[in-house]
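Asks: run.txt is reproduced in full below (compact mmCIF, C-alpha atoms).
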# COMPACT_ATOMS: atom_id res chain seq x y z
CA MET T 1 0.00 0.00 0.00
CA PRO T 2 1.17 3.53 -0.68
CA VAL T 3 2.06 5.90 2.11
CA GLU T 4 -0.95 7.87 3.33
CA PRO T 5 0.44 11.15 4.69
CA PRO T 6 -1.90 13.35 6.75
CA VAL T 7 -3.89 15.79 4.64
CA THR T 8 -5.56 19.06 5.54
CA THR T 9 -8.31 20.58 3.40
CA PRO T 10 -8.57 24.37 3.85
CA ARG T 11 -11.92 25.98 3.00
CA SER T 12 -10.51 29.25 1.69
CA LEU T 13 -7.36 30.71 0.20
CA PRO T 14 -6.51 32.74 3.34
CA GLU T 15 -6.84 29.55 5.40
CA ALA T 16 -4.53 27.76 2.97
CA TYR T 17 -1.98 30.59 3.21
CA ALA T 18 -2.13 30.50 7.03
CA LEU T 19 -1.46 26.76 7.06
CA LEU T 20 1.41 27.11 4.58
CA SER T 21 3.05 29.79 6.71
CA SER T 22 2.76 27.60 9.81
CA GLY T 23 4.74 24.67 8.50
CA ALA T 24 5.79 22.53 5.60
CA TYR T 25 2.99 21.16 3.43
CA ARG T 26 3.05 19.79 -0.08
CA PRO T 27 0.05 21.12 -1.98
CA ILE T 28 -2.07 18.65 -3.93
CA ALA T 29 -4.28 19.87 -6.77
CA GLY T 30 -5.44 17.26 -9.30
CA GLY T 31 -2.97 14.73 -7.91
CA THR T 32 -1.67 13.41 -11.22
CA ASP T 33 1.94 13.88 -10.11
CA LEU T 34 1.72 13.79 -6.31
CA MET T 35 -0.38 10.62 -6.12
CA VAL T 36 2.36 8.77 -7.98
CA GLN T 37 4.90 10.06 -5.45
CA ILE T 38 3.00 8.65 -2.46
CA THR T 39 3.99 5.19 -3.61
CA GLY T 40 7.48 6.10 -2.40
CA GLU T 41 8.98 4.54 -5.52
CA LEU T 42 10.16 7.88 -6.87
CA GLY T 43 11.80 9.14 -3.69
CA GLU T 44 10.56 10.39 -0.37
CA PRO T 45 6.79 10.87 -0.25
CA PRO T 46 5.55 14.15 1.26
CA GLU T 47 5.18 14.28 5.05
CA ARG T 48 2.10 16.48 5.07
CA VAL T 49 -0.28 17.40 2.29
CA LEU T 50 -2.47 20.45 1.75
CA ASP T 51 -5.48 19.74 -0.44
CA VAL T 52 -6.15 22.87 -2.52
CA TRP T 53 -8.45 21.16 -5.06
CA ARG T 54 -11.62 22.88 -3.78
CA LEU T 55 -10.28 26.44 -3.54
CA GLU T 56 -12.65 28.35 -5.79
CA GLU T 57 -10.35 31.39 -5.66
CA LEU T 58 -7.89 29.49 -7.87
CA ARG T 59 -10.44 28.59 -10.57
CA GLY T 60 -11.82 30.38 -13.58
CA ILE T 61 -10.64 31.63 -16.97
CA GLN T 62 -11.29 35.22 -18.04
CA VAL T 63 -9.99 38.11 -20.10
CA GLU T 64 -9.14 41.22 -18.09
CA ASP T 65 -6.92 44.24 -18.78
CA ASP T 66 -5.67 42.94 -22.14
CA ALA T 67 -4.63 39.62 -20.61
CA LEU T 68 -6.02 36.11 -20.65
CA VAL T 69 -6.09 35.08 -16.99
CA VAL T 70 -6.15 31.37 -16.27
CA GLY T 71 -6.72 30.21 -12.70
CA ALA T 72 -4.11 27.79 -11.38
CA LEU T 73 -6.69 25.06 -10.78
CA SER T 74 -7.98 25.12 -14.36
CA THR T 75 -7.83 21.54 -15.55
CA TYR T 76 -6.53 20.62 -18.98
CA THR T 77 -10.10 19.66 -19.91
CA GLU T 78 -11.37 23.09 -18.85
CA ILE T 79 -8.58 24.75 -20.84
CA ARG T 80 -9.36 22.65 -23.92
CA ARG T 81 -13.06 23.48 -23.70
CA SER T 82 -12.71 27.17 -22.83
CA ALA T 83 -14.10 29.42 -25.56
CA LEU T 84 -11.79 32.22 -24.35
CA VAL T 85 -8.68 30.05 -24.63
CA GLY T 86 -9.86 28.87 -28.05
CA GLU T 87 -10.24 32.47 -29.19
CA TRP T 88 -7.17 34.07 -27.62
CA LEU T 89 -4.58 31.36 -27.04
CA PRO T 90 -5.41 28.21 -29.01
CA ALA T 91 -1.81 26.99 -28.57
CA LEU T 92 -2.52 26.53 -24.85
CA ALA T 93 -5.60 24.45 -25.60
CA GLN T 94 -3.55 22.43 -28.06
CA ALA T 95 -0.83 21.83 -25.46
CA ALA T 96 -3.43 20.82 -22.85
CA GLY T 97 -4.88 18.35 -25.35
CA THR T 98 -1.56 16.54 -25.73
CA ILE T 99 -1.19 15.78 -22.02
CA GLY T 100 -2.11 12.23 -21.00
CA ALA T 101 -5.64 11.36 -22.03
CA ALA T 102 -9.13 12.08 -20.66
CA GLN T 103 -8.38 10.72 -17.19
CA ILE T 104 -5.34 12.96 -16.75
CA GLN T 105 -6.87 15.98 -18.48
CA ASN T 106 -9.88 15.85 -16.14
CA ARG T 107 -7.62 16.17 -13.08
CA GLY T 108 -4.29 17.71 -14.06
CA THR T 109 -4.10 21.50 -13.72
CA LEU T 110 -2.11 24.33 -15.24
CA GLY T 111 -0.83 25.29 -11.79
CA GLY T 112 0.24 21.71 -11.18
CA ASN T 113 2.15 21.60 -14.46
CA ILE T 114 3.94 24.80 -13.44
CA VAL T 115 4.82 23.74 -9.88
CA ASN T 116 5.75 20.16 -10.77
CA ALA T 117 8.36 21.86 -12.96
CA SER T 118 9.15 18.89 -15.13
CA PRO T 119 11.33 19.92 -18.09
CA ALA T 120 8.78 17.93 -20.13
CA GLY T 121 5.76 19.90 -18.86
CA ASP T 122 3.84 20.44 -22.07
CA THR T 123 2.20 23.77 -21.30
CA LEU T 124 5.40 25.40 -20.07
CA PRO T 125 6.94 26.34 -23.45
CA VAL T 126 3.62 28.05 -24.30
CA LEU T 127 3.96 30.16 -21.15
CA LEU T 128 7.51 31.11 -22.12
CA ALA T 129 6.65 31.90 -25.75
CA ALA T 130 3.61 33.96 -24.72
CA ASP T 131 5.61 36.07 -22.20
CA ALA T 132 3.21 34.88 -19.51
CA SER T 133 3.58 35.85 -15.90
CA ILE T 134 2.82 33.60 -12.98
CA ILE T 135 1.04 35.10 -9.98
CA VAL T 136 2.01 33.44 -6.71
CA GLY T 137 0.45 34.25 -3.37
CA SER T 138 1.02 33.66 0.33
CA ALA T 139 0.10 35.21 3.66
CA ARG T 140 2.73 37.81 2.74
CA GLY T 141 0.75 38.91 -0.32
CA GLU T 142 0.84 38.26 -4.05
CA ARG T 143 3.71 38.77 -6.46
CA GLU T 144 4.18 38.34 -10.18
CA VAL T 145 7.02 36.27 -11.61
CA ALA T 146 7.81 36.25 -15.33
CA ALA T 147 7.64 32.73 -16.75
CA ALA T 148 11.19 33.30 -18.02
CA ASP T 149 12.33 33.60 -14.37
CA PHE T 150 10.18 30.87 -12.85
CA TRP T 151 12.01 27.59 -13.53
CA THR T 152 15.36 28.09 -11.91
CA GLY T 153 16.87 24.61 -12.14
CA TYR T 154 15.95 20.96 -12.57
CA ARG T 155 12.54 20.74 -10.89
CA GLU T 156 13.27 23.95 -9.01
CA THR T 157 11.10 27.04 -9.15
CA ALA T 158 10.93 30.60 -7.87
CA ARG T 159 7.95 29.61 -5.71
CA ALA T 160 8.69 29.83 -1.98
CA ALA T 161 7.54 26.95 0.23
CA ASP T 162 4.67 29.01 1.68
CA GLU T 163 3.39 30.18 -1.71
CA LEU T 164 0.70 28.84 -4.04
CA VAL T 165 0.41 29.56 -7.74
CA VAL T 166 -2.78 31.60 -8.02
CA GLN T 167 -3.13 32.32 -11.74
CA VAL T 168 -1.30 32.78 -14.99
CA ARG T 169 -1.60 35.99 -17.03
CA PHE T 170 -1.03 35.84 -20.76
CA PRO T 171 -0.67 39.33 -22.27
CA LEU T 172 -2.83 39.71 -25.38
CA LYS T 173 -1.30 42.96 -26.69
CA PRO T 174 0.52 43.30 -28.93
CA ALA T 175 -1.28 40.35 -30.52
CA ARG T 176 1.03 37.56 -31.63
CA THR T 177 0.69 34.27 -33.42
CA ILE T 178 1.67 31.32 -31.23
CA ARG T 179 2.25 27.85 -32.59
CA PHE T 180 2.74 24.61 -30.64
CA ARG T 181 4.19 21.24 -31.57
CA LYS T 182 4.87 18.13 -29.49
CA VAL T 183 6.72 14.98 -30.43
CA GLY T 184 6.13 11.93 -28.25
CA THR T 185 6.13 8.18 -28.71
CA ARG T 186 2.41 8.09 -29.40
CA ARG T 187 -0.32 10.68 -29.81
CA ALA T 188 -1.85 10.26 -26.34
CA GLN T 189 -0.51 9.33 -22.92
CA ALA T 190 3.08 10.07 -23.92
CA ILE T 191 5.64 12.23 -22.18
CA SER T 192 7.36 14.52 -24.66
CA LYS T 193 10.62 13.82 -26.40
CA VAL T 194 10.54 17.43 -27.62
CA VAL T 195 7.92 20.13 -27.21
CA LEU T 196 8.17 23.52 -28.94
CA ALA T 197 6.25 26.79 -28.91
CA LEU T 198 6.91 29.61 -31.36
CA ALA T 199 5.55 33.14 -31.05
CA TYR T 200 5.88 36.11 -33.39
CA ARG T 201 4.18 39.29 -34.55
CA GLU T 202 4.19 40.09 -38.24
CA ASP T 203 5.24 43.62 -39.08
CA GLY T 204 5.50 44.63 -42.74
CA GLY T 205 6.50 41.18 -43.94
CA VAL T 206 9.03 40.46 -41.19
CA TRP T 207 8.74 38.92 -37.74
CA ARG T 208 9.05 40.86 -34.49
CA ASP T 209 8.99 39.83 -30.81
CA VAL T 210 9.97 36.31 -31.77
CA ARG T 211 10.07 33.71 -29.03
CA VAL T 212 11.11 30.09 -29.42
CA ALA T 213 10.62 27.97 -26.31
CA LEU T 214 11.29 24.28 -25.79
CA GLY T 215 10.61 21.49 -23.34
CA SER T 216 12.46 18.19 -22.80
CA VAL T 217 15.75 19.49 -24.20
CA ALA T 218 17.30 20.88 -21.00
CA ALA T 219 16.97 20.71 -17.21
CA THR T 220 14.17 23.28 -17.38
CA PRO T 221 11.82 24.57 -20.06
CA VAL T 222 13.97 27.04 -21.99
CA ARG T 223 13.99 29.80 -24.56
CA VAL T 224 16.64 29.78 -27.26
CA PRO T 225 17.84 33.38 -27.69
CA GLU T 226 20.32 32.70 -30.52
CA THR T 227 17.62 31.06 -32.59
CA GLU T 228 15.20 33.87 -31.74
CA SER T 229 17.74 36.44 -32.97
CA VAL T 230 18.01 34.62 -36.31
CA LEU T 231 14.25 35.00 -36.73
CA GLU T 232 13.87 38.51 -35.27
CA GLY T 233 13.37 41.00 -38.09
CA ALA T 234 13.47 38.21 -40.69
CA ALA T 235 10.80 36.75 -42.94
CA PRO T 236 9.94 33.03 -42.78
CA ARG T 237 11.74 32.13 -46.01
CA ALA T 238 13.47 28.86 -46.81
CA THR T 239 16.98 30.24 -46.29
CA VAL T 240 15.98 31.67 -42.91
CA ALA T 241 14.38 28.36 -41.90
CA ASP T 242 17.53 26.44 -42.88
CA HIS T 243 19.68 28.80 -40.84
CA ALA T 244 17.37 28.78 -37.81
CA ALA T 245 17.13 24.97 -37.82
CA ALA T 246 20.92 24.71 -37.87
CA VAL T 247 21.32 27.24 -35.07
CA ILE T 248 18.71 25.64 -32.81
CA GLY T 249 20.40 22.27 -33.23
CA ARG T 250 23.65 23.77 -31.92
CA GLU T 251 22.02 25.91 -29.26
CA ILE T 252 20.14 23.22 -27.33
CA LYS T 253 21.89 20.76 -25.04
CA PRO T 254 19.56 17.77 -24.81
CA ILE T 255 20.44 14.55 -23.01
CA ASP T 256 19.97 10.83 -23.57
CA ASP T 257 17.29 9.41 -21.29
CA VAL T 258 14.63 6.71 -21.22
CA ARG T 259 12.40 8.59 -23.63
CA SER T 260 14.84 9.58 -26.34
CA THR T 261 18.41 10.35 -27.28
CA ALA T 262 20.19 13.68 -27.44
CA GLU T 263 20.89 13.11 -31.13
CA TYR T 264 17.25 12.44 -31.97
CA ARG T 265 16.07 15.43 -29.95
CA ARG T 266 18.55 17.71 -31.70
CA ALA T 267 17.49 16.50 -35.13
CA VAL T 268 13.76 16.59 -34.49
CA THR T 269 13.88 20.03 -32.85
CA GLY T 270 15.45 21.51 -35.97
CA ARG T 271 12.93 19.74 -38.12
CA ILE T 272 9.90 20.90 -36.10
CA LEU T 273 11.09 24.50 -36.25
CA HIS T 274 11.80 24.23 -39.98
CA ARG T 275 8.36 22.82 -40.63
CA LEU T 276 6.61 25.48 -38.58
CA LEU T 277 8.49 28.20 -40.46
CA ARG T 278 7.51 26.63 -43.76
CA GLU T 279 3.86 26.50 -42.69
CA GLU T 280 3.90 30.11 -41.53
CA GLY T 281 5.72 31.24 -44.66
CA GLY T 282 3.31 29.31 -46.88
CA TRP T 283 5.99 27.75 -49.08
CA MET L 1 -8.80 10.06 10.37
CA GLN L 2 -12.19 11.49 9.56
CA GLY L 3 -15.35 10.41 7.82
CA TYR L 4 -15.64 11.06 4.09
CA ARG L 5 -19.10 10.98 2.54
CA PHE L 6 -19.94 10.53 -1.11
CA THR L 7 -22.38 8.60 -3.24
CA LEU L 8 -21.20 5.38 -4.80
CA ASN L 9 -23.29 4.05 -7.67
CA GLY L 10 -26.19 6.11 -6.34
CA GLU L 11 -25.94 5.01 -2.70
CA ALA L 12 -24.64 7.15 0.14
CA VAL L 13 -21.44 5.86 1.74
CA GLU L 14 -19.30 7.12 4.60
CA LEU L 15 -15.74 5.97 5.06
CA GLU L 16 -13.45 6.52 8.03
CA VAL L 17 -10.08 6.27 6.32
CA PRO L 18 -7.01 8.47 5.89
CA GLY L 19 -7.82 11.29 3.47
CA MET L 20 -4.85 10.45 1.24
CA ARG L 21 -6.03 6.87 0.73
CA ARG L 22 -6.30 6.28 -3.01
CA LEU L 23 -9.91 6.04 -4.15
CA LEU L 24 -8.79 2.80 -5.81
CA ASP L 25 -7.82 1.25 -2.46
CA ALA L 26 -10.95 2.60 -0.75
CA LEU L 27 -13.12 0.95 -3.42
CA ARG L 28 -11.31 -2.37 -3.48
CA GLU L 29 -10.12 -2.81 0.09
CA ASP L 30 -12.57 -0.85 2.23
CA LEU L 31 -15.75 -1.21 0.18
CA GLY L 32 -15.05 -4.61 -1.37
CA LEU L 33 -15.77 -3.48 -4.94
CA THR L 34 -13.03 -5.24 -6.90
CA GLY L 35 -14.44 -4.49 -10.36
CA THR L 36 -12.11 -1.50 -10.54
CA LYS L 37 -8.67 -2.94 -11.36
CA GLU L 38 -5.18 -1.79 -10.49
CA GLY L 39 -2.84 -1.97 -13.44
CA CYS L 40 0.10 0.40 -13.23
CA GLY L 41 -0.86 2.50 -10.22
CA GLU L 42 0.58 5.61 -11.82
CA GLY L 43 -2.05 6.95 -14.19
CA GLU L 44 -0.77 5.35 -17.37
CA CYS L 45 -3.05 2.38 -18.04
CA GLY L 46 -6.60 3.43 -17.13
CA ALA L 47 -7.55 0.04 -15.64
CA CYS L 48 -8.82 1.85 -12.53
CA SER L 49 -10.98 4.34 -14.46
CA VAL L 50 -14.10 5.43 -12.57
CA LEU L 51 -16.42 8.40 -12.92
CA VAL L 52 -16.30 11.25 -10.41
CA ASP L 53 -19.13 13.71 -10.98
CA GLY L 54 -19.42 12.35 -14.51
CA ALA L 55 -15.76 12.82 -15.45
CA VAL L 56 -13.57 9.79 -16.08
CA VAL L 57 -10.56 9.69 -13.76
CA ASP L 58 -7.90 7.20 -12.68
CA ALA L 59 -8.91 6.04 -9.18
CA CYS L 60 -5.22 5.47 -8.37
CA LEU L 61 -4.58 9.22 -8.67
CA VAL L 62 -7.53 10.51 -6.65
CA PRO L 63 -7.32 10.67 -2.84
CA VAL L 64 -10.54 9.96 -0.95
CA CYS L 65 -10.53 13.46 0.56
CA GLN L 66 -11.13 14.85 -2.93
CA VAL L 67 -14.35 12.88 -3.54
CA GLU L 68 -16.08 14.22 -0.41
CA GLY L 69 -19.61 15.10 -1.53
CA SER L 70 -19.07 13.73 -5.05
CA ASP L 71 -20.92 11.22 -7.16
CA VAL L 72 -18.66 8.20 -7.80
CA ARG L 73 -19.58 5.56 -10.37
CA THR L 74 -17.83 2.23 -10.89
CA VAL L 75 -18.38 -0.70 -13.20
CA GLU L 76 -20.50 -2.38 -10.51
CA GLY L 77 -23.12 0.33 -11.05
CA MET L 78 -23.50 -0.23 -14.78
CA ALA L 79 -25.95 -3.09 -14.92
CA ASP L 80 -29.57 -2.60 -13.83
CA PRO L 81 -29.51 -2.88 -10.03
CA ILE L 82 -32.85 -4.68 -9.89
CA THR L 83 -32.97 -6.95 -12.89
CA GLY L 84 -29.22 -7.31 -13.31
CA ALA L 85 -29.64 -6.65 -17.04
CA LEU L 86 -26.40 -5.50 -18.62
CA SER L 87 -26.14 -1.92 -19.85
CA PRO L 88 -26.07 -1.43 -23.64
CA LEU L 89 -22.31 -0.84 -23.44
CA GLN L 90 -21.67 -4.03 -21.49
CA GLN L 91 -23.93 -5.98 -23.84
CA ALA L 92 -22.11 -4.60 -26.86
CA PHE L 93 -18.70 -5.55 -25.40
CA LEU L 94 -20.08 -9.06 -24.82
CA ASP L 95 -21.72 -9.40 -28.23
CA LEU L 96 -18.78 -8.03 -30.22
CA GLY L 97 -15.90 -9.62 -28.33
CA GLY L 98 -14.69 -6.38 -26.77
CA ALA L 99 -13.02 -8.23 -23.90
CA GLN L 100 -10.35 -10.87 -23.74
CA CYS L 101 -8.42 -11.18 -20.46
CA GLY L 102 -10.74 -8.59 -18.92
CA ILE L 103 -8.34 -6.49 -16.87
CA CYS L 104 -8.84 -3.37 -18.97
CA THR L 105 -12.57 -3.94 -19.48
CA PRO L 106 -14.05 -2.12 -16.45
CA GLY L 107 -11.90 0.91 -17.20
CA MET L 108 -12.75 0.79 -20.90
CA LEU L 109 -16.44 0.65 -20.03
CA MET L 110 -16.19 3.66 -17.72
CA ALA L 111 -14.18 5.72 -20.23
CA ALA L 112 -16.68 4.79 -22.95
CA ARG L 113 -19.59 5.68 -20.72
CA ALA L 114 -18.14 9.12 -19.95
CA PHE L 115 -17.61 9.67 -23.67
CA LEU L 116 -21.15 8.64 -24.65
CA ASP L 117 -22.76 10.49 -21.71
CA ASP L 118 -20.91 13.61 -22.88
CA GLY L 119 -22.63 13.29 -26.26
CA GLY L 120 -19.44 12.38 -28.10
CA GLU L 121 -19.85 11.66 -31.83
CA PRO L 122 -19.05 7.97 -32.12
CA THR L 123 -16.60 8.30 -34.99
CA ASP L 124 -13.58 6.03 -35.05
CA GLY L 125 -11.22 8.92 -34.27
CA ALA L 126 -13.31 10.27 -31.40
CA ILE L 127 -13.69 6.84 -29.82
CA ARG L 128 -9.94 6.24 -30.11
CA GLU L 129 -9.28 9.54 -28.38
CA ALA L 130 -11.86 8.77 -25.67
CA ILE L 131 -10.11 5.52 -24.76
CA ALA L 132 -6.56 6.72 -25.39
CA GLY L 133 -5.93 6.59 -21.64
CA ASN L 134 -6.95 2.92 -21.43
CA LEU L 135 -4.41 0.32 -22.42
CA CYS L 136 -5.47 -3.12 -23.66
CA ARG L 137 -2.78 -5.71 -24.27
CA CYS L 138 -5.03 -8.40 -25.78
CA THR L 139 -7.58 -7.32 -28.35
CA GLY L 140 -5.85 -4.69 -30.42
CA TYR L 141 -8.71 -2.28 -29.66
CA THR L 142 -10.70 -2.88 -32.85
CA LYS L 143 -13.48 -4.84 -31.20
CA ILE L 144 -13.60 -2.45 -28.27
CA ILE L 145 -14.05 0.47 -30.63
CA GLU L 146 -16.74 -1.42 -32.55
CA ALA L 147 -18.56 -2.19 -29.32
CA ILE L 148 -18.55 1.44 -28.20
CA ALA L 149 -19.83 2.58 -31.59
CA ALA L 150 -22.52 -0.09 -31.55
CA ALA L 151 -23.64 0.93 -28.07
CA SER L 152 -24.05 4.56 -29.01
CA GLU L 153 -27.32 5.78 -30.45
CA ALA L 154 -25.81 6.39 -33.86
CA GLY L 155 -24.41 2.91 -33.76
CA ALA L 156 -27.81 1.48 -32.92
CA ASP L 157 -29.42 3.39 -35.79
CA GLY L 158 -27.08 1.99 -38.37
CA PRO L 159 -23.53 1.29 -37.45
CA LYS L 160 -20.85 2.10 -39.98
CA LEU L 161 -19.09 -1.04 -38.91
CA PRO L 162 -18.41 -4.52 -40.26
CA LEU L 163 -20.96 -6.01 -37.89
CA ASP L 164 -22.11 -8.54 -40.46
CA ASP L 165 -18.59 -9.87 -40.68
CA VAL L 166 -18.46 -10.20 -36.93
CA ALA L 167 -21.81 -11.98 -36.76
CA GLY L 168 -20.90 -14.28 -39.63
CA ALA L 169 -17.43 -15.12 -38.34
What does this structure look like when you write it as structure tokens?
Replies:
Amino acid sequence: MPVEPPVTTPRSLPEAYALLSSGAYRPIAGGTDLMVQITGELGEPPERVLDVWRLEELRGIQVEDDALVVGALSTYTEIRRSALVGEWLPALAQAAGTIGAAQIQNRGTLGGNIVNASPAGDTLPVLLAADASIIVGSARGEREVAAADFWTGYRETARAADELVVQVRFPLKPARTIRFRKVGTRRAQAISKVVLALAYREDGGVWRDVRVALGSVAATPVRVPETESVLEGAAPRATVADHAAAVIGREIKPIDDVRSTAEYRRAVTGRILHRLLREEGGW
Amino acid sequence: MQGYRFTLNGEAVELEVPGMRRLLDALREDLGLTGTKEGCGEGECGACSVLVDGAVVDACLVPVCQVEGSDVRTVEGMADPITGALSPLQQAFLDLGGAQCGICTPGMLMAARAFLDDGGEPTDGAIREAIAGNLCRCTGYTKIIEAIAAASEAGADGPKLPLDDVAGA
């Protein structure tokens, strides 16, 4: 039988914050990661758990102040079905739809993906490409952390032990196109070998504000600034795509692991980027 | 330890167990309902699929504290409680050979039920997506997919399936 650590279920966000400031708790949201850890097979199970699943303050998806605001407890199913996400950030819905299958999508949450901080977290490159910011809160108040500053090392984040992720804000202006692509072993229920998000704004035939973000190719989700600079101010032509694909292959430092090899990841990352540029360029 | 209350296949239950007990263990060990199977225990195989408030979930990934006040449905609740008549889905699995060793079957049935209850169009692609979180190592899925299509209303009206071949085999 798995370990069954004591669990406390706060009725409100302030109550959750008070508990978190009084001692060490591991938060549980949809449980898709933490419930695997209580088997003890993946390392030490948590000593005490804080069940945040029912905190209404962390739910809901809306557009406010030129930003799409997604509550931390939004499940992947809710994100996939949200008309607002479909209208303003379809790449996020697409990413959510590649995670696990129905059983996981009905429980797994955006906040959980962020805090679990797996380099293979499928929504995380979308957050990076979209210049999202992550709002974390505690008894000390709320603060905003840029997605680019959030994942600080392998499974390490800028979240303090007494903080919860409250929501994610995706700026909608200036409007940009965001594309998403995942390569896994099969279409569903597969952890990524490579996941890529590309964002840009077209300006007189060239691209501006280009972001290229990747998962599963480093210890954290990462942006690739050299590749971005190849695309910044350029048009998605074949020569540009060739150059960018070569640069991204040199820029990333993937590893061999149970899911793939560094060589494959390098090759397929260049190919995904090349293909996206071809699709955007219409050639 | 505290009491957790929820409805299980329409009946009220109260369990005094640790809140982090997996719903899977509560069902099998505490409530004696062994229809829900444990395959991988880590959310990969779907053998422990049950419905919580109508949504299909892996019972190995849900702690009991999170089903407080919820409506939980397992494979034991599928057949008619009075007559014991099988549900259309169960009957279709039986008629079309949608089960072999049987370990994945309760989970397949629950995932299929969630899909059909949601009004999913029973196309081949949609059914495949609906059961993508349920692994079967015996049948190759074809007969399972045929059974789900046959059990749906569209399937009953005129299935776009090689049912004649199955019947004549």
Asks: Sort by chain and increasing residue number a table of all residues of chain L within 10 Å of chain T, each with its closest pair of atoms and their distance in Å to one decimal, counting all atoms listed in the file, and write it as a tab-separated table.
Replies:
residue	atom	partner	partner_atom	distance
L:Met1	CA	T:Pro6	CA	8.5
L:Val17	CA	T:Glu4	CA	9.7
L:Pro18	CA	T:Glu4	CA	6.6
L:Gly19	CA	T:Val7	CA	6.1
L:Met20	CA	T:Glu4	CA	5.1
L:Arg21	CA	T:Glu4	CA	5.8
L:Arg22	CA	T:Met35	CA	8.0
L:Asp25	CA	T:Met1	CA	8.3
L:Gly41	CA	T:Val36	CA	7.4
L:Glu42	CA	T:Val36	CA	5.3
L:Gly43	CA	T:Thr32	CA	7.1
L:Glu44	CA	T:Gln189	CA	6.8
L:Cys45	CA	T:Gln189	CA	8.9
L:Gly46	CA	T:Gln103	CA	7.5
L:Ser49	CA	T:Gln103	CA	7.4
L:Val50	CA	T:Gln103	CA	9.1
L:Leu51	CA	T:Gln103	CA	9.4
L:Val52	CA	T:Asn106	CA	9.8
L:Ala55	CA	T:Asn106	CA	6.7
L:Val56	CA	T:Gln103	CA	5.4
L:Val57	CA	T:Gln103	CA	4.2
L:Asp58	CA	T:Gln103	CA	5.7
L:Ala59	CA	T:Gln103	CA	9.3
L:Cys60	CA	T:Met35	CA	7.4
L:Leu61	CA	T:Met35	CA	5.1
L:Val62	CA	T:Gly31	CA	6.3
L:Pro63	CA	T:Met35	CA	7.7
L:Cys65	CA	T:Thr9	CA	8.0
L:Gln66	CA	T:Trp53	CA	7.2
L:Ala111	CA	T:Ala102	CA	8.1
L:Ala114	CA	T:Ala102	CA	9.5
L:Phe115	CA	T:Ala102	CA	9.3
L:Arg128	CA	T:Ala188	CA	9.8
L:Glu129	CA	T:Ala101	CA	7.5
L:Ala130	CA	T:Ala102	CA	6.6
L:Ile131	CA	T:Ala102	CA	7.8
L:Ala132	CA	T:Ala101	CA	5.8
L:Gly133	CA	T:Ala101	CA	4.8
L:Asn134	CA	T:Ala101	CA	8.6
L:Leu135	CA	T:Gln189	CA	9.8
Asks: Using only C-alpha atoms, which protein or nucleic acid residues come within 6 Å of L:Ala47? Drop anything in the same chain fewer than 2 positions from it, and give the result as an MDAnalysis selection string.
Replies: chainID L and resid 37:39 45 49 104 107
Asks: Please write as a list in words the list of polymer residues whose atoms come within 8 Å of (-7.1, 26.9, -4.9), counting all atoms listed in the file and keeping to the coordinates of the file.
Replies: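 Selection result: Ser12, Leu13, Ala29, Val52, Trp53, Arg54, Leu55, Glu56, Glu57, Leu58, Arg59, Ala72, Leu73 and Val166 of chain T.
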Asks: Measure the distance from atom CA of T:Ala158 to atom CA of T:Ser74 in Å and round it to one decimal.
Replies: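 The value is 20.7 Å.
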Asks: Find the residues around stretch 88-98 of chain L up to 8 Å (only C-alpha atoms counted), leave out those fewer than 6 positions away in its own chain, and share them as an NGL selection string.
Replies: :L and (78-79 or 105 or 109 or 112-113 or 139 or 141 or 143-148 or 150-152 or 166)
Asks: T:Ala218: which residues within 10 Å, counting all atoms listed in the file, same-chain residues fewer than 6 positions away excluded, as a ChimeraX atom specification?
Replies: /T:119-120,153-154,252-255
Asks: Write out as a VMD selection string the residues lying within 7 Å of L:Glu14, counting only C-alpha atoms and excluding same-chain residues fewer than 6 positions away.
Replies: chain L and resid 3 to 6
Asks: Quick check, in Å to one decimal: how far apart do atom CA of T:Gly60 and atom CA of L:Met110 lie?
Replies: 27.4 Å
Asks: What does the structure give for the distance between atom CA of L:Leu23 and atom CA of L:Ser70, in Å to one decimal?
Replies: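 Distance reported for this atom pair: 12.0 Å.
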Asks: Extract, using all atoms listed in the file, all DNA, RNA and protein residues at most 9 Å from stretch 168-177 of chain T, discarding same-chain residues fewer than 3 positions from it, and format them as a PyMOL selection string.
Replies: chain T and resi 65-72+88-89+110-111+127+130-136+165+198-202+209
